[in-house]
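**Student:** Enclosed is the structure file upload.cif (mmCIF, C-alpha atoms).
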```cif
data_protein
#
loop_
_atom_site.label_atom_id
_atom_site.label_comp_id
_atom_site.auth_asym_id
_atom_site.auth_seq_id
_atom_site.Cartn_x
_atom_site.Cartn_y
_atom_site.Cartn_z
CA MET V 1 -60.62 163.89 106.88
CA ASP V 2 -63.00 166.19 105.04
CA GLU V 3 -61.96 168.77 102.51
CA SER V 4 -62.35 171.72 104.88
CA ASP V 5 -59.79 170.16 107.22
CA LEU V 6 -57.46 169.64 104.30
CA VAL V 7 -57.82 173.30 103.31
CA ARG V 8 -57.08 174.45 106.86
CA ARG V 9 -54.01 172.24 107.01
CA ALA V 10 -52.84 173.42 103.59
CA ALA V 11 -53.34 177.04 104.63
CA ALA V 12 -51.24 176.38 107.72
CA GLY V 13 -48.38 175.20 105.52
CA ASP V 14 -48.90 171.44 105.32
CA PRO V 15 -47.50 170.57 101.89
CA ARG V 16 -49.12 167.13 101.80
CA ALA V 17 -52.57 168.61 102.34
CA ALA V 18 -51.98 171.17 99.59
CA GLU V 19 -50.75 168.45 97.22
CA LEU V 20 -53.79 166.31 97.94
CA ILE V 21 -56.12 169.20 97.18
CA TRP V 22 -54.31 169.91 93.94
CA LYS V 23 -54.30 166.29 92.80
CA THR V 24 -57.99 165.96 93.54
CA HIS V 25 -59.04 168.97 91.51
CA ARG V 26 -56.45 169.60 88.80
CA ARG V 27 -58.23 167.67 86.05
CA TRP V 28 -61.40 169.74 86.16
CA ILE V 29 -59.30 172.90 86.62
CA ALA V 30 -57.73 172.04 83.26
CA ALA V 31 -61.22 171.86 81.74
CA VAL V 32 -62.05 175.31 83.14
CA LEU V 33 -58.83 176.68 81.63
CA LEU V 34 -59.72 175.10 78.30
CA ALA V 35 -63.12 176.78 78.45
CA HIS V 36 -61.82 180.26 79.18
CA LYS V 37 -58.35 180.51 77.66
CA PRO V 38 -57.62 182.49 74.50
CA ARG V 39 -57.00 180.28 71.49
CA GLN V 40 -53.22 180.52 71.49
CA ALA V 41 -52.69 180.29 75.23
CA ASP V 42 -50.96 177.18 76.45
CA VAL V 43 -52.89 175.05 78.95
CA GLU V 44 -49.69 173.74 80.49
CA ASP V 45 -48.41 177.25 81.22
CA LEU V 46 -51.77 178.19 82.68
CA LEU V 47 -51.83 175.10 84.89
CA GLN V 48 -48.42 176.08 86.23
CA GLU V 49 -49.75 179.55 86.97
CA VAL V 50 -52.79 178.21 88.73
CA ALA V 51 -50.69 175.76 90.77
CA LEU V 52 -48.46 178.61 91.90
CA ALA V 53 -51.42 180.84 92.76
CA VAL V 54 -53.05 178.02 94.74
CA VAL V 55 -49.99 177.39 96.85
CA GLN V 56 -49.29 181.06 97.43
CA LYS V 57 -52.84 182.14 98.20
CA ILE V 58 -54.50 179.21 99.91
CA ASN V 59 -53.90 180.85 103.28
CA GLN V 60 -56.11 183.72 102.07
CA LEU V 61 -59.10 181.44 101.51
CA ASP V 62 -61.45 182.59 104.28
CA ASP V 63 -64.07 179.89 103.93
CA PRO V 64 -62.63 176.40 103.46
CA ALA V 65 -66.02 175.22 102.20
CA ALA V 66 -65.64 177.58 99.24
CA LEU V 67 -62.58 175.75 97.92
CA LYS V 68 -64.04 174.69 94.58
CA PRO V 69 -65.42 178.12 93.52
CA TRP V 70 -62.14 179.63 94.70
CA LEU V 71 -60.10 177.23 92.54
CA ARG V 72 -62.38 177.95 89.60
CA MET V 73 -61.98 181.69 90.08
CA ILE V 74 -58.19 181.37 90.07
CA ALA V 75 -58.35 179.32 86.87
CA VAL V 76 -60.75 181.71 85.13
CA ASN V 77 -58.65 184.72 86.12
CA ALA V 78 -55.46 183.04 84.93
CA ALA V 79 -57.05 182.11 81.61
CA ARG V 80 -58.44 185.58 81.02
CA ALA V 81 -55.30 187.38 82.12
CA THR V 82 -53.20 185.56 79.61
CA GLY V 83 -53.12 187.62 76.48
CA ARG V 84 -50.76 188.99 73.98
CA LYS V 85 -47.72 188.04 76.00
CA GLN V 86 -48.67 184.38 75.79
CA THR V 87 -49.34 184.66 72.10
CA ARG V 88 -45.97 186.22 71.46
CA ARG V 89 -44.21 183.55 73.48
CA LYS V 90 -46.00 180.77 71.69
CA GLY V 91 -45.03 182.36 68.39
CA LEU V 92 -41.41 182.27 69.41
CA LEU V 93 -41.64 178.66 70.49
CA ARG V 94 -43.11 177.78 67.15
CA LEU V 95 -40.11 179.20 65.37
CA VAL V 96 -38.06 176.62 67.20
CA ARG V 97 -40.55 173.76 67.13
CA PRO V 98 -42.64 174.21 63.98
CA ASN V 99 -44.30 170.83 64.42
CA VAL V 100 -45.73 171.52 67.86
CA PRO V 101 -49.42 170.71 67.51
CA GLU V 102 -52.21 173.08 68.42
CA GLU V 103 -53.56 172.92 71.92
CA GLY V 104 -55.78 169.91 72.32
CA GLU V 105 -54.31 168.08 69.36
CA GLY V 106 -51.96 166.04 71.45
CA THR V 107 -48.96 164.26 70.03
CA SER V 108 -50.03 160.70 70.47
CA ASP V 109 -50.59 159.44 66.98
CA LEU V 110 -49.53 162.02 64.45
CA THR V 111 -47.41 159.50 62.61
CA THR V 112 -50.28 157.62 60.97
CA ASP V 113 -52.95 158.81 58.54
CA ALA V 114 -55.69 157.66 60.88
CA GLY V 115 -54.01 159.50 63.72
CA ARG V 116 -53.67 162.67 61.69
CA GLN V 117 -57.32 162.50 60.69
CA ARG V 118 -58.33 162.01 64.31
CA GLN V 119 -56.24 164.99 65.37
CA GLU V 120 -57.67 167.11 62.57
CA ARG V 121 -61.19 166.22 63.70
CA ALA V 122 -60.25 167.10 67.28
CA ARG V 123 -58.89 170.45 66.08
CA GLN V 124 -62.10 171.13 64.15
CA LEU V 125 -64.23 170.24 67.15
CA GLY V 126 -62.03 172.45 69.34
CA SER V 127 -62.70 175.43 67.08
CA LEU V 128 -66.46 174.71 67.19
CA ILE V 129 -66.39 174.51 71.00
CA GLU V 130 -64.69 177.92 71.01
CA GLN V 131 -67.75 179.36 69.28
CA LEU V 132 -70.08 178.39 72.12
CA PRO V 133 -71.08 181.13 74.57
CA ASP V 134 -68.67 181.17 77.55
CA ALA V 135 -71.18 179.96 80.10
CA TYR V 136 -72.33 177.03 77.97
CA ARG V 137 -68.79 176.10 76.93
CA GLU V 138 -67.59 175.78 80.51
CA CYS V 139 -70.51 173.57 81.53
CA VAL V 140 -70.18 171.34 78.46
CA LEU V 141 -66.45 170.86 79.04
CA LEU V 142 -66.75 170.34 82.79
CA ARG V 143 -69.35 167.64 82.17
CA CYS V 144 -66.74 165.83 80.09
CA ALA V 145 -64.14 166.00 82.85
CA ARG V 146 -63.71 162.73 84.70
CA GLY V 147 -66.26 162.26 87.46
CA MET V 148 -67.93 165.65 87.15
CA SER V 149 -71.67 165.29 87.75
CA HIS V 150 -74.20 168.12 87.57
CA LYS V 151 -73.96 168.37 91.35
CA GLN V 152 -70.18 168.75 91.29
CA ILE V 153 -70.32 171.29 88.48
CA SER V 154 -72.90 173.14 90.54
CA GLU V 155 -70.48 173.19 93.50
CA VAL V 156 -67.73 174.55 91.29
CA THR V 157 -69.75 177.23 89.52
CA GLY V 158 -72.22 178.10 92.28
CA LEU V 159 -75.14 177.66 89.85
CA PRO V 160 -78.23 175.52 90.48
CA GLU V 161 -78.06 171.99 89.09
CA THR V 162 -81.06 172.61 86.86
CA THR V 163 -79.29 175.59 85.29
CA ILE V 164 -76.20 173.46 84.73
CA GLU V 165 -78.21 170.72 83.06
CA THR V 166 -79.99 173.19 80.80
CA ARG V 167 -76.77 174.93 79.82
CA ILE V 168 -75.15 171.62 78.94
CA ALA V 169 -78.18 170.56 76.91
CA ARG V 170 -78.31 173.86 75.02
CA GLY V 171 -74.55 173.90 74.54
CA ARG V 172 -74.57 170.42 73.05
CA ARG V 173 -77.41 171.33 70.69
CA MET V 174 -75.53 174.43 69.57
CA LEU V 175 -72.40 172.35 69.07
CA ARG V 176 -74.31 169.90 66.90
CA GLU V 177 -75.75 172.74 64.84
CA LEU V 178 -72.32 174.30 64.46
CA ALA V 179 -70.88 170.95 63.38
CA GLU V 180 -73.64 170.56 60.83
CA THR V 181 -73.10 174.06 59.43
CA SER V 182 -69.37 173.50 59.32
CA GLN V 183 -69.83 170.20 57.48
CA HIS V 184 -72.07 171.87 54.91
CA THR V 185 -69.60 174.71 54.46
CA ARG V 186 -66.76 172.26 53.91
CA GLY V 187 -68.93 170.27 51.50
CA ASP V 188 -69.80 173.43 49.56
CA ARG V 189 -66.14 174.40 49.40
CA LEU V 190 -65.18 170.98 48.07
CA ALA V 191 -68.02 171.03 45.57
CA GLY V 192 -67.00 174.50 44.39
CA SER V 193 -63.30 173.75 44.08
CA PRO V 194 -61.90 173.24 40.57
CA SER V 195 -61.35 169.60 39.63
CA MET J 1 -74.03 186.17 80.04
CA ASN J 2 -76.78 186.37 82.65
CA ASP J 3 -76.79 183.42 85.03
CA GLN J 4 -80.57 183.30 84.95
CA LEU J 5 -81.84 181.21 82.07
CA HIS J 6 -85.08 182.05 80.33
CA PRO J 7 -86.92 178.90 79.32
CA GLU J 8 -86.68 178.03 75.65
CA PRO J 9 -89.09 175.79 73.73
CA ASN J 10 -86.50 173.06 73.12
CA ASP J 11 -85.13 172.92 76.65
CA ARG J 12 -87.10 169.89 77.80
CA ARG J 13 -86.29 168.00 74.60
CA ASP J 14 -82.58 168.88 74.87
CA VAL J 15 -82.41 167.91 78.53
CA LEU J 16 -84.15 164.62 77.83
CA ILE J 17 -81.73 163.76 75.04
CA GLY J 18 -78.84 164.86 77.27
CA ARG J 19 -79.92 162.44 80.00
CA ILE J 20 -80.14 159.61 77.50
CA ILE J 21 -76.68 160.14 76.05
CA ASP J 22 -75.23 160.52 79.55
CA GLY J 23 -76.93 157.28 80.59
CA GLU J 24 -78.87 159.05 83.34
CA ALA J 25 -82.44 158.85 82.02
CA THR J 26 -85.09 157.73 84.51
CA GLY J 27 -88.09 155.54 83.72
CA GLN J 28 -90.20 158.64 83.33
CA ASP J 29 -87.62 160.15 80.96
CA TRP J 30 -87.71 157.02 78.80
CA ALA J 31 -91.49 157.09 78.66
CA GLU J 32 -91.35 160.70 77.57
CA PHE J 33 -88.67 159.88 75.03
CA ARG J 34 -90.71 157.06 73.49
CA GLN J 35 -93.52 159.51 72.95
CA LEU J 36 -91.12 162.05 71.47
CA ALA J 37 -89.56 159.48 69.13
CA GLY J 38 -93.01 158.34 68.01
CA ASP J 39 -93.72 161.85 66.78
CA ASP J 40 -90.27 162.60 65.39
CA GLU J 41 -87.95 159.79 64.30
CA SER J 42 -85.15 162.21 63.50
CA VAL J 43 -84.41 162.26 67.22
CA PHE J 44 -82.48 158.98 66.84
CA ALA J 45 -80.08 160.54 64.34
CA GLU J 46 -79.74 163.51 66.65
CA ILE J 47 -78.80 161.24 69.56
CA ALA J 48 -76.22 159.42 67.45
CA GLU J 49 -74.60 162.72 66.41
CA LEU J 50 -74.61 164.05 69.96
CA GLN J 51 -73.09 160.83 71.27
CA ASP J 52 -70.29 161.15 68.76
CA LEU J 53 -69.69 164.80 69.68
CA ARG J 54 -69.76 163.93 73.38
CA LYS J 55 -67.18 161.18 72.93
CA ARG J 56 -64.88 163.47 70.94
CA THR J 57 -65.26 166.26 73.49
CA ILE J 58 -64.37 163.83 76.28
CA ASP J 59 -61.21 162.92 74.34
CA ILE J 60 -60.19 166.59 74.23
CA VAL J 61 -60.91 167.15 77.92
CA GLU J 62 -59.10 163.92 78.82
CA GLN J 63 -56.02 165.17 77.00
CA VAL J 64 -55.81 168.37 79.05
CA GLY J 65 -56.67 166.35 82.16
CA ASP J 66 -53.72 164.06 81.48
CA LEU J 67 -51.58 167.14 81.06
CA ALA J 68 -52.83 168.45 84.41
CA ASP J 69 -51.79 165.17 86.03
CA THR J 70 -48.20 165.99 85.14
CA ILE J 71 -48.25 169.37 86.89
CA GLU J 72 -47.11 169.23 90.48
CA LEU J 73 -47.82 171.86 93.09
CA PRO J 74 -44.76 174.03 93.87
CA VAL J 75 -45.28 173.52 97.61
CA HIS J 76 -41.94 175.12 98.42
CA MET J 77 -43.53 178.44 97.40
CA HIS J 78 -46.10 178.30 100.19
CA PRO J 79 -45.77 181.44 102.33
CA LYS J 80 -45.72 179.34 105.48
CA ALA J 81 -43.53 176.53 104.25
CA SER J 82 -40.57 176.11 106.55
CA PRO J 83 -37.30 177.51 105.21
CA ALA J 84 -35.86 174.01 105.29
CA HIS J 85 -38.74 172.70 103.21
CA ARG J 86 -38.48 175.55 100.73
CA LEU J 87 -34.79 174.86 100.31
CA ARG J 88 -35.22 171.11 100.14
CA THR J 89 -37.91 171.23 97.52
CA ALA J 90 -36.31 173.88 95.37
CA GLY J 91 -34.60 170.78 94.15
CA VAL J 92 -32.36 172.04 91.39
CA TRP J 93 -29.12 172.28 93.28
CA GLY J 94 -26.99 170.18 95.57
CA GLY J 95 -27.41 170.60 99.29
CA TRP J 96 -24.03 172.20 99.68
CA ALA J 97 -25.00 175.20 97.61
CA VAL J 98 -28.03 175.92 99.73
CA ALA J 99 -26.03 176.33 102.86
CA ALA J 100 -23.22 178.28 101.29
CA MET J 101 -22.42 181.59 102.93
CA VAL J 102 -22.21 184.29 100.34
CA ALA J 103 -22.07 188.02 100.44
CA VAL J 104 -25.01 189.11 98.37
CA ALA J 105 -26.20 192.43 97.10
CA TRP J 106 -29.95 192.50 96.81
CA SER J 107 -32.89 194.75 97.33
CA ILE J 108 -36.27 194.33 99.01
CA GLY J 109 -37.94 195.02 95.69
CA LEU J 110 -36.60 191.89 94.05
CA ARG J 111 -39.13 189.24 93.20
CA PRO J 112 -38.78 185.54 92.48
CA GLY J 113 -37.06 185.13 89.15
CA ASP J 114 -35.10 188.36 89.48
CA PRO J 115 -31.33 188.16 89.25
CA LEU J 116 -29.34 188.20 92.43
CA ILE J 117 -25.84 189.64 92.14
CA PHE J 118 -23.17 187.91 94.15
CA GLY J 119 -20.65 190.13 95.86
CA SER J 120 -17.07 189.42 96.77
CA HIS J 121 -16.21 185.97 97.99
CA GLU J 122 -13.37 187.30 100.07
CA GLY J 123 -15.19 186.38 103.23
CA GLN J 124 -15.15 182.77 102.19
CA GLN J 125 -11.44 182.59 101.67
CA ALA J 126 -10.58 182.46 105.34
CA GLY J 127 -10.58 178.73 105.79
CA ILE J 128 -8.96 177.81 102.49
CA GLY J 129 -5.34 178.33 103.15
CA SER J 130 -5.42 176.42 106.37
CA GLY J 131 -7.31 173.54 104.77
CA VAL J 132 -9.72 173.68 107.70
CA ILE J 133 -13.37 173.67 106.78
CA ASN J 134 -15.47 175.34 109.41
CA THR J 135 -18.40 176.59 107.41
CA ALA J 136 -20.42 175.58 104.39
CA GLY J 137 -18.89 178.57 102.63
CA ASP J 138 -15.44 177.13 103.26
CA ALA J 139 -16.57 173.82 101.82
CA LEU J 140 -18.01 175.44 98.75
CA GLN J 141 -14.87 177.47 98.12
CA LYS J 142 -12.75 174.39 98.58
CA TYR J 143 -14.92 172.55 96.08
CA LEU J 144 -14.57 175.39 93.57
CA ASP J 145 -10.80 175.56 94.00
CA LEU J 146 -10.25 171.84 93.73
CA GLY J 147 -12.71 171.59 90.85
CA LYS J 148 -10.93 174.30 88.89
CA LYS J 149 -7.63 172.58 89.53
CA SER J 150 -8.89 169.23 88.28
CA GLY J 151 -10.83 170.78 85.41
CA SER J 152 -14.24 169.61 86.59
CA VAL J 153 -15.33 173.13 87.54
CA ILE J 154 -15.20 175.99 85.06
CA GLY J 155 -16.56 178.63 87.39
CA GLU J 156 -19.56 180.12 89.07
CA MET J 157 -22.01 182.43 87.36
CA PRO J 158 -21.67 185.92 88.80
CA SER J 159 -25.38 186.21 89.47
CA GLY J 160 -28.00 183.95 90.96
CA ILE J 161 -31.76 183.93 90.73
CA ILE J 162 -34.12 184.72 93.58
CA LEU J 163 -36.73 182.01 94.03
CA ASP J 164 -38.53 183.34 97.07
CA LYS J 165 -38.26 185.94 99.81
CA GLN J 166 -40.07 186.21 103.09
CA PRO J 167 -39.73 188.97 105.68
CA LEU J 168 -38.64 187.58 109.03
CA ALA J 169 -41.32 187.65 111.70
CA ASP J 170 -39.35 190.07 113.87
CA GLY J 171 -38.77 192.44 110.95
CA SER J 172 -35.02 192.17 111.26
CA GLY J 173 -34.49 191.05 107.70
CA VAL J 174 -35.70 189.00 104.79
CA GLU J 175 -35.13 185.31 104.29
CA THR J 176 -34.13 184.84 100.68
CA THR J 177 -34.10 181.61 98.74
CA TYR J 178 -31.94 181.77 95.66
CA LEU J 179 -30.33 179.69 93.00
CA ARG J 180 -26.59 179.65 92.43
CA CYS J 181 -25.20 178.32 89.20
CA ILE J 182 -21.87 176.58 88.92
CA ILE J 183 -20.59 175.51 85.53
CA GLU J 184 -19.03 172.08 85.54
CA ARG J 185 -17.32 170.10 82.85
CA ILE J 186 -17.49 166.36 82.40
CA VAL J 187 -16.39 163.98 79.68
CA VAL J 188 -19.00 161.33 79.09
CA ARG J 189 -17.67 158.23 77.38
CA ASP J 190 -19.37 156.25 74.67
CA GLY J 191 -21.80 153.83 76.31
CA ASP J 192 -22.76 156.32 78.99
CA VAL J 193 -24.40 158.78 76.63
CA PHE J 194 -28.17 158.75 76.37
CA GLN J 195 -30.74 160.96 74.76
CA GLN J 196 -34.43 161.56 75.37
CA VAL J 197 -36.75 160.86 72.46
CA GLU J 198 -40.48 160.61 72.05
CA ASN J 199 -42.09 157.44 70.77
CA ASP J 200 -45.11 157.37 68.47
CA ALA J 201 -47.40 157.73 71.48
CA GLY J 202 -45.63 160.93 72.48
CA GLN J 203 -44.09 159.32 75.56
CA ALA J 204 -40.54 160.24 76.54
CA ARG J 205 -37.99 157.44 76.37
CA ILE J 206 -34.31 157.33 77.16
CA ILE J 207 -32.19 155.55 74.57
CA PRO J 208 -28.44 155.17 74.09
CA ALA J 209 -27.10 157.96 71.89
CA LYS J 210 -24.68 157.53 69.04
CA ILE J 211 -21.64 159.76 69.29
CA THR J 212 -20.50 161.26 66.01
CA PRO J 213 -16.82 162.18 65.90
CA VAL J 214 -16.22 165.83 65.09
CA SER J 215 -14.03 165.74 62.00
CA ASN J 216 -13.43 169.44 61.64
CA PRO J 217 -13.02 171.02 65.05
CA ALA J 218 -13.30 174.74 65.52
CA SER J 219 -10.41 176.91 66.60
CA PRO J 220 -8.70 175.76 69.80
CA SER J 221 -10.11 178.65 71.76
CA ALA J 222 -13.71 177.86 70.93
CA PRO J 223 -15.71 175.58 73.22
CA GLU J 224 -15.84 171.97 72.12
CA PRO J 225 -19.05 171.23 70.27
CA LEU J 226 -21.23 168.52 71.71
CA ALA J 227 -21.90 166.16 68.88
CA TRP J 228 -24.37 163.38 69.33
#
```
Turn the structure described in the file into structure tokens.
**Tutor:**
Amino acid sequence: MDESDLVRRAAAGDPRAAELIWKTHRRWIAAVLLAHKPRQADVEDLLQEVALAVVQKINQLDDPAALKPWLRMIAVNAARATGRKQTRRKGLLRLVRPNVPEEGEGTSDLTTDAGRQRQERARQLGSLIEQLPDAYRECVLLRCARGMSHKQISEVTGLPETTIETRIARGRRMLRELAETSQHTRGDRLAGSPS
Amino acid sequence: MNDQLHPEPNDRRDVLIGRIIDGEATGQDWAEFRQLAGDDESVFAEIAELQDLRKRTIDIVEQVGDLADTIELPVHMHPKASPAHRLRTAGVWGGWAVAAMVAVAWSIGLRPGDPLIFGSHEGQQAGIGSGVINTAGDALQKYLDLGKKSGSVIGEMPSGIILDKQPLADGSGVETTYLRCIIERIVVRDGDVFQQVENDAGQARIIPAKITPVSNPASPSAPEPLAW
């Protein structure tokens, strides 16, 4: 069964079809959310929002072939709509759970020095990725999502594959330059700190 | 940002390097790269740095991807899901509560998550005295009465929560899916008490919990503290 059939069945109320669509696409949807969300917004909350919007609105999707751009649009809208409310809520949660790591840090190996260093590097890289222009950031992150080729990213974003490839290449170069600048800044700070 | 990209001097170089670190370079790309590296050896260091950044970015994206794999679709919220499916998959209550007949006061303007105020239960009392259970409402009331008598039921919350509402096709009303909350009491004995903890990998595990006796109980009227 092709994806258009699945979309039609999901729109008609077939829960298994809707679940299959969601399971197929949720990993790259998470990457889109990561690319567009405000710093403090919680990816898990946003994924819940997107899941709810998908199930409630899939019967409004006029063209089943446009599933991927439609899913992306829902994710981008959810990420952008989240704002001060999310930040406030996260602040409250942190009062209760002060050791909750930043988004993207994970909780896998915070108990060892090596793990903490790895998480700190991930946090630093996350803040560099945030500095990329939106359009480059999304392409760079989508390329890192499992199984996302230029062609698939093109289907999601509606951009030509050549544009995708160029954005990824430029985005990576910018990221490398940002990392270099950040390393120098940190080095300067350490060198300038009192012994 | 404009979707149209204006060519930049480094584009070809960047794309070439990108193909190499993604393992997608063609024979022609490699030939071009050899020429590039012959003129500028720093490109090797650049590739090494970009490979490292790529690997670390994949780790970050994998983490949110793994998180996404834990999020299920709330299919019971589909506008066309059958009422039975919506009720079945709401999943947080026992089947008896779903079917219970209650007198409810609600308004069309309520949305999922809004409180739903229960009205009088007088209508449910009919079958109790006789001990005959004809409706789900009778069964629920019987359960509440017997539970209160035995101490296993403390009571029902006076308000429920609307999960979903759908106008009926013929316009004669609105089908409302809602959550009712009943407070129960249970004594769990040592050996049957477990707690959820996270291991070093952040994975949830269930382990037996140690029960600590409460040496200095609060006043008799206060609820018993749970101490484990």
**Student:** Using only C-alpha atoms, determine which residues lie at most 6 Å from range 30-40 of chain V, disregarding the query and same-chain residues fewer than 5 positions distant; provide the list as a list in words.
**Tutor:**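 Everything that qualifies: Ala75, Ala79, Thr87, Arg137, Glu138, Leu141 and Leu142 of chain V; Val64 and Gly65 of chain J.
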**Student:** Near Asp63 in chain V, counting only C-alpha atoms, which residues have an atom at most 10 Å away, once you skip same-chain residues fewer than 5 positions from it, shown as a ChimeraX atom specification?
**Tutor:** /V:4,7-8,70
**Student:** I need the output of the PyMOL selection byres ((chain V and resi 166) around 12) for this file as number ranges by chain; which residues are they?
**Tutor:** V: 135-136, 139-140, 150, 159-165, 167-173; J: 3-19
**Student:** I'd like to see the residues matched by the PyMOL selection byres ((chain V and resi 23) around 12) on this file, and ideally I'd get them as a PyMOL selection string.
**Tutor:** (chain V and resi 16-22+24-30+51+54) or (chain J and resi 65-66+68-73)
**Student:** The PyMOL selection byres ((chain J and resi 50) around 12) on the file shown: which residues, as number ranges by chain?
**Tutor:** V: 168-180; J: 14, 17-22, 43-49, 51-57
**Student:** For CA of Lys210 in chain J and CA of Asp192 in chain J, determine how far apart the two atoms are, in Å to one decimal place.
**Tutor:**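 Distance between the two atoms: 10.2 Å.
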**Student:** So which residues are close to (-64.2, 173.5, 93.1), meaning at most 10 Å away in the file's coordinates with all atoms listed in the file counted, and can you show them as number ranges by chain?
**Tutor:** V: 24-26, 28-29, 65-73, 152-158
**Student:** Could you tell me which of J:Ile161, J:Ile154, J:Ala201, J:Leu168 comes closest to chain V if we count only C-alpha atoms?
**Tutor:**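 Closest to chain V of all the choices is J:Ala201.
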**Student:** Between V:Arg118, V:Arg80, V:Arg9, V:Lys57, single out the one closest to Ile60 in chain J, counting all atoms listed in the file.
**Tutor:**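 Closest residue, counting all atoms listed in the file: V:Arg118.
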**Student:** Could you please determine the separation between CA of Pro213 in chain J and CA of Asp200 in chain J in Å, to one decimal place?
**Tutor:**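 Going from CA of Pro213 in chain J over to CA of Asp200 in chain J, I get 28.8 Å.
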**Student:** Which residue, V:Ala78, V:Leu132, V:Ala11, V:Leu61, has the smallest gap to Asp42 in chain V when you use all atoms listed in the file?
**Tutor:**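 The closest residue to Asp42 in chain V is V:Ala78.
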**Student:** Just need the box for range 209-214 of chain J, edges along x, y and z, holding every atom the file lists for it with 8 Å tacked onto each side, so centre and edge lengths in Å to one decimal, as JSON.
**Tutor:**
```
{"center_x": -21.7, "center_y": 161.7, "center_z": 68.5, "size_x": 26.9, "size_y": 24.3, "size_z": 22.8}
```
**Student:** Between CA of Val43 in chain V and CA of Ile74 in chain V, what is the distance in Å, rounded to a tenth?
**Tutor:**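 If I compute the distance from CA of Val43 in chain V to CA of Ile74 in chain V, I get 13.8 Å.
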